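Structure file start-v5.cif (mmCIF, C-alpha atoms and all ligand atoms) follows.
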```
data_start
#
loop_
_atom_site.label_atom_id
_atom_site.label_comp_id
_atom_site.auth_asym_id
_atom_site.auth_seq_id
_atom_site.Cartn_x
_atom_site.Cartn_y
_atom_site.Cartn_z
CA MET A 114 33.70 -7.48 72.75
CA THR A 115 31.57 -8.39 69.79
CA THR A 116 27.86 -7.81 69.50
CA ALA A 117 25.34 -8.93 66.93
CA THR A 118 23.71 -5.54 66.68
CA HIS A 119 24.94 -2.43 64.99
CA THR A 120 23.43 0.85 66.04
CA SER A 121 22.71 3.35 63.31
CA SER A 122 19.68 4.98 61.76
CA ALA A 123 20.17 2.98 58.57
CA MET A 124 17.62 0.44 57.45
CA ILE A 125 20.35 -1.71 55.93
CA ALA A 126 24.02 -1.48 56.80
CA THR A 127 27.07 -3.39 55.73
CA LYS A 128 30.09 -3.16 57.96
CA GLY A 129 33.52 -4.15 56.74
CA LEU A 130 31.86 -6.72 54.50
CA THR A 131 34.39 -8.99 52.82
CA PHE A 132 33.07 -11.94 50.86
CA ALA A 133 34.61 -14.71 48.76
CA TYR A 134 32.92 -17.47 46.77
CA ALA A 135 36.21 -19.39 46.73
CA GLU A 136 39.59 -18.02 47.80
CA ASP A 137 39.81 -14.50 46.44
CA PRO A 138 37.38 -11.98 47.91
CA VAL A 139 34.97 -10.48 45.38
CA LEU A 140 33.84 -7.86 47.92
CA ARG A 141 36.36 -6.19 50.17
CA ASP A 142 35.69 -4.15 53.28
CA VAL A 143 32.39 -2.76 52.04
CA SER A 144 30.77 -0.42 54.58
CA LEU A 145 27.57 1.19 53.39
CA ASN A 146 24.39 2.57 54.93
CA PHE A 147 21.04 2.48 53.16
CA GLN A 148 18.38 4.68 54.74
CA ALA A 149 14.65 3.97 54.67
CA GLY A 150 13.02 5.45 51.58
CA GLU A 151 16.25 5.88 49.62
CA PHE A 152 16.54 5.14 45.90
CA THR A 153 20.09 3.92 45.42
CA GLY A 154 21.85 2.66 42.32
CA VAL A 155 24.84 0.36 42.57
CA ILE A 156 27.05 0.80 39.53
CA GLY A 157 30.47 -0.46 38.43
CA PRO A 158 32.10 -2.51 35.68
CA ASN A 159 31.21 -6.15 34.99
CA GLY A 160 32.45 -8.37 37.78
CA SER A 161 32.85 -5.50 40.26
CA GLY A 162 30.52 -7.21 42.74
CA LYS A 163 27.11 -5.57 42.23
CA SER A 164 25.08 -8.80 42.08
CA THR A 165 27.01 -10.33 44.95
CA LEU A 166 26.37 -7.28 47.13
CA LEU A 167 22.63 -7.41 46.41
CA LYS A 168 22.47 -11.13 47.17
CA LEU A 169 24.22 -10.63 50.51
CA ILE A 170 21.93 -7.73 51.46
CA GLY A 171 18.90 -9.81 50.47
CA GLY A 172 20.02 -12.85 52.43
CA ILE A 173 20.22 -14.92 49.23
CA LEU A 174 23.87 -15.59 50.02
CA PRO A 175 24.84 -16.15 53.66
CA SER A 176 26.90 -13.20 54.89
CA PRO A 177 29.93 -13.54 57.17
CA SER A 178 29.02 -12.89 60.78
CA GLU A 179 28.44 -9.29 61.81
CA THR A 180 28.78 -7.75 58.39
CA VAL A 181 25.19 -7.19 57.18
CA PHE A 182 22.50 -5.60 59.32
CA PHE A 183 18.79 -4.98 58.78
CA LYS A 184 17.28 -2.52 61.23
CA ASN A 185 20.33 -2.80 63.47
CA ARG A 186 20.02 -6.55 63.78
CA GLU A 187 22.30 -9.00 62.04
CA LEU A 188 20.63 -10.28 58.87
CA ASN A 189 21.65 -13.87 59.62
CA ARG A 190 19.58 -13.75 62.80
CA TYR A 191 16.24 -13.24 61.06
CA ARG A 192 14.11 -16.20 60.16
CA LYS A 193 14.03 -16.61 56.35
CA LYS A 194 10.28 -16.06 56.35
CA ASP A 195 10.47 -12.80 58.33
CA LEU A 196 13.19 -11.55 56.04
CA ALA A 197 11.12 -12.41 52.96
CA ILE A 198 8.32 -10.20 54.28
CA SER A 199 10.71 -7.26 54.64
CA ILE A 200 13.13 -7.59 51.74
CA ALA A 201 12.33 -8.60 48.16
CA TRP A 202 15.11 -9.58 45.78
CA ILE A 203 14.46 -9.62 42.05
CA PRO A 204 17.09 -11.41 39.98
CA GLN A 205 18.23 -10.45 36.50
CA GLU A 206 15.63 -11.24 33.86
CA LYS A 207 17.79 -13.72 31.99
CA GLN A 208 18.15 -15.83 35.13
CA ILE A 209 14.41 -16.32 35.42
CA ALA A 210 12.65 -19.27 33.79
CA PHE A 211 9.36 -20.52 35.14
CA SER A 212 6.77 -22.70 33.48
CA PHE A 213 4.12 -21.34 35.85
CA LYS A 214 1.26 -19.05 34.99
CA VAL A 215 1.83 -15.35 35.61
CA ILE A 216 -0.80 -15.21 38.38
CA ASP A 217 0.93 -18.06 40.22
CA ILE A 218 4.26 -16.25 40.13
CA VAL A 219 2.68 -13.09 41.50
CA LEU A 220 0.94 -15.14 44.21
CA MET A 221 4.34 -16.55 45.21
CA GLY A 222 4.96 -13.12 46.68
CA ARG A 223 2.31 -13.99 49.27
CA HIS A 224 3.97 -17.24 50.36
CA PRO A 225 5.96 -15.75 53.26
CA TYR A 226 2.60 -14.76 54.78
CA LEU A 227 1.00 -18.19 54.58
CA SER A 228 1.24 -20.75 57.31
CA PRO A 229 2.58 -24.18 56.39
CA LEU A 230 0.20 -26.25 54.26
CA SER A 231 -2.28 -23.41 53.86
CA PHE A 232 -3.36 -22.03 50.48
CA GLU A 233 -3.75 -18.47 49.29
CA GLY A 234 -7.01 -16.83 50.35
CA GLU A 235 -9.20 -14.12 48.85
CA ASP A 236 -7.04 -11.39 50.40
CA ASP A 237 -3.94 -12.81 48.76
CA TYR A 238 -5.67 -12.85 45.36
CA GLN A 239 -6.78 -9.26 45.81
CA ILE A 240 -3.29 -8.12 46.74
CA ALA A 241 -1.84 -10.00 43.74
CA GLN A 242 -4.44 -8.48 41.42
CA ALA A 243 -3.75 -4.97 42.67
CA ALA A 244 -0.01 -5.51 42.15
CA MET A 245 -0.61 -6.79 38.61
CA LYS A 246 -2.75 -3.78 37.88
CA GLN A 247 -0.03 -1.47 39.18
CA THR A 248 2.57 -2.97 36.82
CA GLN A 249 0.02 -3.44 34.01
CA VAL A 250 0.28 -7.21 33.67
CA LEU A 251 -3.27 -8.13 34.66
CA GLU A 252 -4.07 -9.05 31.07
CA PHE A 253 -1.32 -11.71 31.13
CA ALA A 254 -2.55 -13.32 34.37
CA ASP A 255 -3.32 -16.69 32.78
CA ARG A 256 -0.44 -16.79 30.31
CA SER A 257 2.60 -18.95 30.87
CA PHE A 258 5.52 -16.89 32.20
CA ASN A 259 7.89 -18.41 29.63
CA GLU A 260 5.78 -17.11 26.76
CA ILE A 261 5.78 -13.42 27.58
CA SER A 262 8.42 -10.86 26.59
CA GLY A 263 11.41 -9.74 28.66
CA GLY A 264 9.75 -6.47 29.63
CA GLU A 265 6.56 -8.26 30.64
CA LYS A 266 8.56 -10.78 32.71
CA GLN A 267 10.28 -7.96 34.53
CA ARG A 268 6.90 -6.35 35.29
CA VAL A 269 5.53 -9.69 36.54
CA MET A 270 8.53 -10.12 38.84
CA ILE A 271 7.99 -6.61 40.18
CA ALA A 272 4.29 -7.41 40.73
CA SER A 273 5.33 -10.51 42.67
CA ALA A 274 7.68 -8.39 44.77
CA ILE A 275 4.93 -5.79 45.36
CA SER A 276 2.55 -8.53 46.59
CA GLN A 277 5.21 -9.46 49.08
CA LYS A 278 4.65 -5.97 50.57
CA PRO A 279 8.32 -5.55 51.43
CA GLU A 280 9.99 -2.48 52.91
CA VAL A 281 13.05 -2.92 50.73
CA MET A 282 13.26 -3.97 47.10
CA LEU A 283 16.54 -5.14 45.63
CA LEU A 284 16.62 -5.35 41.84
CA ASP A 285 19.51 -6.72 39.84
CA GLU A 286 19.78 -4.81 36.57
CA PRO A 287 16.01 -4.58 36.11
CA THR A 288 16.28 -2.83 32.76
CA SER A 289 19.39 -4.25 31.09
CA ALA A 290 17.55 -6.55 28.71
CA LEU A 291 14.89 -4.03 27.70
CA ASP A 292 14.38 -1.44 25.01
CA ILE A 293 14.11 2.19 26.05
CA LYS A 294 10.30 2.25 26.26
CA TYR A 295 10.24 -0.59 28.79
CA GLN A 296 13.32 0.73 30.59
CA ILE A 297 11.54 4.00 31.30
CA GLU A 298 8.26 2.24 32.10
CA ILE A 299 9.84 -0.01 34.71
CA LEU A 300 11.92 2.75 36.26
CA ASN A 301 8.79 4.93 36.50
CA ILE A 302 6.97 2.11 38.34
CA LEU A 303 9.92 1.87 40.73
CA ARG A 304 10.01 5.64 41.19
CA GLN A 305 6.30 5.60 42.11
CA LEU A 306 6.87 2.83 44.65
CA ASN A 307 9.66 4.89 46.15
CA GLU A 308 7.86 8.23 46.17
CA ARG A 309 4.30 7.18 46.97
CA GLU A 310 4.86 4.16 49.18
CA ASN A 311 8.26 5.06 50.58
CA LYS A 312 9.79 1.73 49.52
CA SER A 313 13.55 1.60 49.87
CA LEU A 314 15.07 0.66 46.55
CA ILE A 315 18.53 -0.62 45.76
CA LEU A 316 19.17 -1.32 42.09
CA ALA A 317 22.22 -2.75 40.40
CA MET A 318 22.42 -0.66 37.24
CA HIS A 319 24.39 -0.93 34.06
CA ASP A 320 23.20 2.17 32.26
CA LEU A 321 24.81 5.23 33.80
CA HIS A 322 22.40 7.67 32.18
CA LEU A 323 19.33 5.90 33.60
CA ALA A 324 21.11 5.58 36.94
CA SER A 325 21.64 9.34 37.04
CA LYS A 326 18.08 10.01 35.89
CA PHE A 327 16.27 7.87 38.47
CA CYS A 328 18.56 7.20 41.45
CA LYS A 329 19.03 9.77 44.18
CA ARG A 330 22.30 8.24 45.26
CA LEU A 331 24.90 6.10 43.53
CA VAL A 332 27.41 3.62 44.94
CA LEU A 333 30.28 2.94 42.55
CA LEU A 334 32.09 -0.37 42.94
CA LYS A 335 35.50 -1.21 41.53
CA GLU A 336 36.95 -4.69 41.96
CA GLY A 337 34.79 -5.41 44.98
CA GLN A 338 35.45 -2.15 46.79
CA VAL A 339 33.41 1.02 47.17
CA PHE A 340 35.25 3.50 44.98
CA CYS A 341 32.92 6.36 45.87
CA GLU A 342 29.29 7.10 46.69
CA GLY A 343 27.05 10.14 46.67
CA PRO A 344 24.52 12.01 44.55
CA PRO A 345 24.78 11.09 40.82
CA ALA A 346 26.46 14.38 39.89
CA GLU A 347 29.23 13.74 42.42
CA VAL A 348 29.88 10.15 41.36
CA LEU A 349 29.54 10.49 37.59
CA GLN A 350 32.59 12.66 37.08
CA LYS A 351 35.03 12.27 34.20
CA GLU A 352 38.13 11.51 36.29
CA ILE A 353 36.29 9.01 38.50
CA LEU A 354 34.68 7.10 35.63
CA GLU A 355 37.89 7.03 33.57
CA GLU A 356 39.74 5.45 36.45
CA VAL A 357 37.04 2.91 37.29
CA TYR A 358 35.99 1.91 33.75
CA GLU A 359 39.45 2.34 32.22
CA VAL A 360 38.17 4.24 29.21
CA LYS A 361 38.23 7.91 28.24
CA VAL A 362 34.74 9.42 28.46
CA LYS A 363 32.81 12.57 27.72
CA ILE A 364 29.89 13.60 29.89
CA PHE A 365 26.90 15.54 28.64
CA LYS A 366 24.17 17.00 30.80
CA ASP A 367 20.47 16.96 29.97
CA ASP A 368 19.46 20.43 31.11
CA GLU A 369 15.82 19.42 31.49
CA ASP A 370 16.28 17.02 34.38
CA GLY A 371 20.00 17.30 35.12
CA SER A 372 20.66 13.68 34.15
CA LEU A 373 24.08 12.83 32.77
CA LEU A 374 24.98 11.03 29.60
CA VAL A 375 28.32 9.24 29.66
CA VAL A 376 29.80 8.33 26.28
CA PRO A 377 33.21 6.93 25.36
CA GLU A 378 35.55 9.48 23.79
CA ARG A 379 36.42 8.92 20.18
CA LEU A 380 39.65 6.89 19.91
N1 LIG A 401 28.46 -18.16 42.05
C1 LIG A 401 29.70 -17.70 41.89
N2 LIG A 401 30.78 -18.48 42.12
C2 LIG A 401 32.03 -18.02 41.97
N3 LIG A 401 32.34 -16.77 41.59
C3 LIG A 401 31.32 -15.93 41.33
C4 LIG A 401 29.95 -16.35 41.47
N4 LIG A 401 29.15 -15.32 41.15
C5 LIG A 401 29.99 -14.30 40.83
N5 LIG A 401 31.29 -14.68 40.94
C6 LIG A 401 32.47 -13.81 40.72
O1 LIG A 401 32.40 -12.73 41.63
C7 LIG A 401 32.84 -11.53 41.03
C8 LIG A 401 31.74 -10.48 41.16
O2 LIG A 401 30.63 -10.91 40.39
P1 LIG A 401 29.22 -10.18 40.40
O3 LIG A 401 28.83 -9.92 41.79
O4 LIG A 401 28.33 -11.00 39.57
O5 LIG A 401 29.60 -8.80 39.67
P2 LIG A 401 28.69 -7.82 38.81
O6 LIG A 401 27.27 -8.08 39.18
O7 LIG A 401 29.17 -6.45 39.20
O8 LIG A 401 28.99 -8.11 37.38
C9 LIG A 401 33.19 -11.86 39.59
O9 LIG A 401 34.59 -12.05 39.51
C10 LIG A 401 32.46 -13.15 39.34
O10 LIG A 401 33.14 -13.94 38.41
MG MG A 402 25.64 -8.62 38.02
#
```
Could you rewrite the structure in this file as structure tokens?
Ligand SMILES: Nc1ncnc2c1ncn2[C@@H]1O[C@H](COP(=O)(O)OP(=O)(O)O)[C@@H](O)[C@H]1O
Ligand SMILES: [Mg+2]
Amino acid sequence: MTTATHTSSAMIATKGLTFAYAEDPVLRDVSLNFQAGEFTGVIGPNGSGKSTLLKLIGGILPSPSETVFFKNRELNRYRKKDLAISIAWIPQEKQIAFSFKVIDIVLMGRHPYLSPLSFEGEDDYQIAQAAMKQTQVLEFADRSFNEISGGEKQRVMIASAISQKPEVMLLDEPTSALDIKYQIEILNILRQLNERENKSLILAMHDLHLASKFCKRLVLLKEGQVFCEGPPAEVLQKEILEEVYEVKVKIFKDDEDGSLLVVPERL
């Protein structure tokens, strides 16, 4: 007998998730649990399925029946608007191009809360302002989104997601296009949201050092399958990374915070 619910304590669960855009699956039999309040990084080589997994979890791509669950209920069964209130998805910076003003983009985060044909009210403006303050973009409020830098765009998108007041935030490589100052700045904002407001975070990450520094748990994908998952120190091991990334590596530990630096071995 099949049921549309899936009982577990997880906030988000995938169960035997296999997904194909065309014929060949790009995700295969992915079963993962994401608990409320977790800070998870999804890592893996280019094309391993990180973005696809995030889009399925966020309801951006329709998932096959009974494979993705939010609070024990099949994701497909939620109304789009209800889902938007609970789960925010932030695409990769290079995929974002808007000719809107920054404030309007942040206010878009309030749209799931508005009834049809109604406009934002004072409350919505206040929430948007507070979010812009939190990510330090208030001074850009009236600038055109297309005219600000990559790091500023990322912070605006996070402000928009914060205004949405979601329980879960999904971010696709939020720091890949940024220099180290902005990388740390954005990851610190995300850490605060996780620690102070108990937001559940799932990030696709490229940089293994930053992943080990900020994420409490890592999921490593290889060719659409979960190769392993666990605390960063368990996943970022020489033998594991050499097999998945197909390159010899050395791993150094930063004794101050225990984060791991993965570098290719000299050829
Ligand atoms: N819209 C799409 N249509 C067809 N194939 C896609 C699409 N998006 C991604 N793919 C393919 O799916 C696989 C996984 O891609 P993706 O999820 O973007 O991986 P990652 O984010 O880890 O780089 C890749 O082989 C990619 O070429
Ligand atoms: Mg990707």
Please find the residues contacting ligand MG 402 (chain A) at a distance of at most 8 Å between atoms, with only C-alpha atoms and all ligand atoms counted, and report them as a list of chain:residue names.
A:Asn159, A:Gly160, A:Gly162, A:Lys163, A:Ser164, A:Thr165, A:Gln205, A:Asp285, A:Glu286, A:Ala317
In Å to one decimal, how far is CA of Val215 in chain A from CA of Asn259 in chain A?
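Separating CA of Asn259 in chain A from CA of Val215 in chain A is a distance of 9.0 Å.
When the distance limit is 10 Å and only C-alpha atoms are what count, the residues near Tyr238 in chain A, minus those fewer than 2 positions from it on the same chain, are Ile216, Asp217, Val219, Leu220, Arg223, Glu233, Gly234, Glu235, Asp236, Ile240, Ala241, Gln242, Ala243, Ala244 and Ser276 of chain A.
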Would you list the residues that come within 12 Å of ligand LIG 401 (chain A)? Count all atoms listed in the file and give the answer as a ChimeraX atom specification.
/A:131-141,155-169,173-174,204-205,284-286,289,316-319,332-339
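The protein and nucleic acid residues lying at most 8 Å from Phe152 in chain A are Asn307, Ser313, Leu314, Ile315, Leu316, Phe327, Cys328, Lys329 and Arg330 of chain A, with all atoms listed in the file considered and sequence neighbours fewer than 5 positions away removed.
The environment of Ile353 in chain A within 12 Å, counting all atoms listed in the file and disregarding residues fewer than 3 places along the same chain, consists of A:Gly157, A:Leu333, A:Leu334, A:Lys335, A:Phe340, A:Cys341, A:Glu342, A:Pro345, A:Ala346, A:Glu347, A:Val348, A:Leu349, A:Gln350, A:Glu356, A:Val357, A:Tyr358, A:Glu359, A:Val360, A:Lys361, A:Val362, A:Lys363, A:Ile364, A:Val375.
Of note, CA of Ser122 in chain A and CA of Leu323 in chain A are spaced 28.2 Å apart.
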Best match for closeness to Ser372 in chain A among A:Asp320, A:Glu265, A:Asp142, A:Asp255, counting all atoms listed in the file
A:Asp320
Go ahead and fit an axis-aligned box to every listed atom of range 308-312 of chain A plus 8 Å each side, and pass me the centre and edge lengths in Å, one decimal, as AutoDock Vina command-line options.
```
--center_x 7.0 --center_y 5.0 --center_z 48.4 --size_x 21.5 --size_y 22.5 --size_z 20.4
```
Nearest to Leu321 in chain A: which of A:Asp237, A:Asp367, A:Gly154, A:Phe253 is it, counting only C-alpha atoms?
A:Gly154
What is the CA of Lys278 in chain A-CA of Ser176 in chain A distance in Å, reported with one decimal?
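Taking CA of Lys278 in chain A as the start and CA of Ser176 in chain A as the end point, the length is 23.8 Å.
Close contacts of Ala126 in chain A, defined as residues with an atom at most 7 Å away when counting all atoms listed in the file, with chain neighbours fewer than 3 positions off set aside, comprise Ala123, Leu145, Asn146, Phe147, Val181, Phe182 and Phe183 of chain A.
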If we count only C-alpha atoms, what is near Ala274 in chain A at a cut-off of 9 Å, once residues fewer than 6 positions away on the same chain are taken out, given as JSON, numbers by chain?
{"A": [200, 201, 202, 203, 219, 221, 222, 223, 244, 282]}
Which one of A:Arg309, A:Lys246, A:Lys266, A:His322 sits closest to Leu373 in chain A if you count all atoms listed in the file?
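Once distances to Leu373 in chain A are computed over all atoms listed in the file, the minimum belongs to A:His322.
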Could you add the missing atoms to range 245-276 of chain A, up to N, CA and C atoms, and return them as a compact mmCIF listing (two decimals), in the coordinates of the input?
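Here's the written file out_14.txt:
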```txt
# COMPACT_ATOMS: atom_id res chain seq x y z
N MET A 245 -0.67 -6.59 40.06
CA MET A 245 -0.61 -6.79 38.61
C MET A 245 -1.18 -5.60 37.86
N LYS A 246 -2.17 -4.97 38.48
CA LYS A 246 -2.75 -3.78 37.88
C LYS A 246 -1.71 -2.64 37.88
N GLN A 247 -1.03 -2.53 39.02
CA GLN A 247 -0.03 -1.47 39.18
C GLN A 247 1.08 -1.58 38.12
N THR A 248 1.49 -2.80 37.81
CA THR A 248 2.57 -2.97 36.82
C THR A 248 2.02 -3.35 35.44
N GLN A 249 0.71 -3.22 35.29
CA GLN A 249 0.02 -3.44 34.01
C GLN A 249 0.30 -4.81 33.39
N VAL A 250 0.14 -5.86 34.20
CA VAL A 250 0.28 -7.21 33.67
C VAL A 250 -0.97 -8.06 33.91
N LEU A 251 -2.04 -7.40 34.35
CA LEU A 251 -3.27 -8.13 34.66
C LEU A 251 -3.76 -8.93 33.46
N GLU A 252 -3.59 -8.36 32.27
CA GLU A 252 -4.07 -9.05 31.07
C GLU A 252 -3.28 -10.33 30.75
N PHE A 253 -2.10 -10.49 31.36
CA PHE A 253 -1.32 -11.71 31.13
C PHE A 253 -1.53 -12.76 32.22
N ALA A 254 -2.43 -12.49 33.15
CA ALA A 254 -2.55 -13.32 34.37
C ALA A 254 -2.53 -14.82 34.09
N ASP A 255 -3.20 -15.25 33.03
CA ASP A 255 -3.32 -16.69 32.78
C ASP A 255 -2.34 -17.22 31.74
N ARG A 256 -1.45 -16.33 31.29
CA ARG A 256 -0.44 -16.79 30.31
C ARG A 256 0.71 -17.48 31.04
N SER A 257 1.43 -18.31 30.28
CA SER A 257 2.60 -18.95 30.87
C SER A 257 3.74 -17.93 30.90
N PHE A 258 4.45 -17.88 32.01
CA PHE A 258 5.52 -16.89 32.20
C PHE A 258 6.56 -16.99 31.08
N ASN A 259 6.85 -18.21 30.65
CA ASN A 259 7.89 -18.41 29.63
C ASN A 259 7.50 -17.87 28.27
N GLU A 260 6.22 -17.55 28.09
CA GLU A 260 5.78 -17.11 26.76
C GLU A 260 5.66 -15.61 26.63
N ILE A 261 5.93 -14.87 27.70
CA ILE A 261 5.78 -13.42 27.58
C ILE A 261 7.16 -12.78 27.35
N SER A 262 7.16 -11.51 26.97
CA SER A 262 8.42 -10.86 26.59
C SER A 262 9.25 -10.49 27.83
N GLY A 263 10.49 -10.10 27.58
CA GLY A 263 11.41 -9.74 28.66
C GLY A 263 10.86 -8.62 29.54
N GLY A 264 10.28 -7.60 28.88
CA GLY A 264 9.75 -6.47 29.63
C GLY A 264 8.56 -6.88 30.47
N GLU A 265 7.73 -7.77 29.90
CA GLU A 265 6.56 -8.26 30.64
C GLU A 265 7.00 -9.12 31.82
N LYS A 266 8.03 -9.95 31.61
CA LYS A 266 8.56 -10.78 32.71
C LYS A 266 9.05 -9.90 33.86
N GLN A 267 9.78 -8.86 33.50
CA GLN A 267 10.28 -7.96 34.53
C GLN A 267 9.13 -7.36 35.32
N ARG A 268 8.05 -6.96 34.61
CA ARG A 268 6.90 -6.35 35.29
C ARG A 268 6.18 -7.37 36.17
N VAL A 269 6.14 -8.63 35.73
CA VAL A 269 5.53 -9.69 36.54
C VAL A 269 6.36 -9.90 37.82
N MET A 270 7.69 -9.91 37.67
CA MET A 270 8.53 -10.12 38.84
C MET A 270 8.37 -8.97 39.84
N ILE A 271 8.20 -7.76 39.29
CA ILE A 271 7.99 -6.61 40.18
C ILE A 271 6.62 -6.73 40.86
N ALA A 272 5.62 -7.19 40.12
CA ALA A 272 4.29 -7.41 40.73
C ALA A 272 4.39 -8.43 41.85
N SER A 273 5.16 -9.49 41.63
CA SER A 273 5.33 -10.51 42.67
C SER A 273 5.99 -9.89 43.90
N ALA A 274 6.99 -9.06 43.65
CA ALA A 274 7.68 -8.39 44.77
C ALA A 274 6.74 -7.43 45.50
N ILE A 275 5.88 -6.73 44.73
CA ILE A 275 4.93 -5.79 45.36
C ILE A 275 3.95 -6.56 46.25
N SER A 276 3.48 -7.72 45.78
CA SER A 276 2.55 -8.53 46.59
C SER A 276 3.18 -8.97 47.90
```
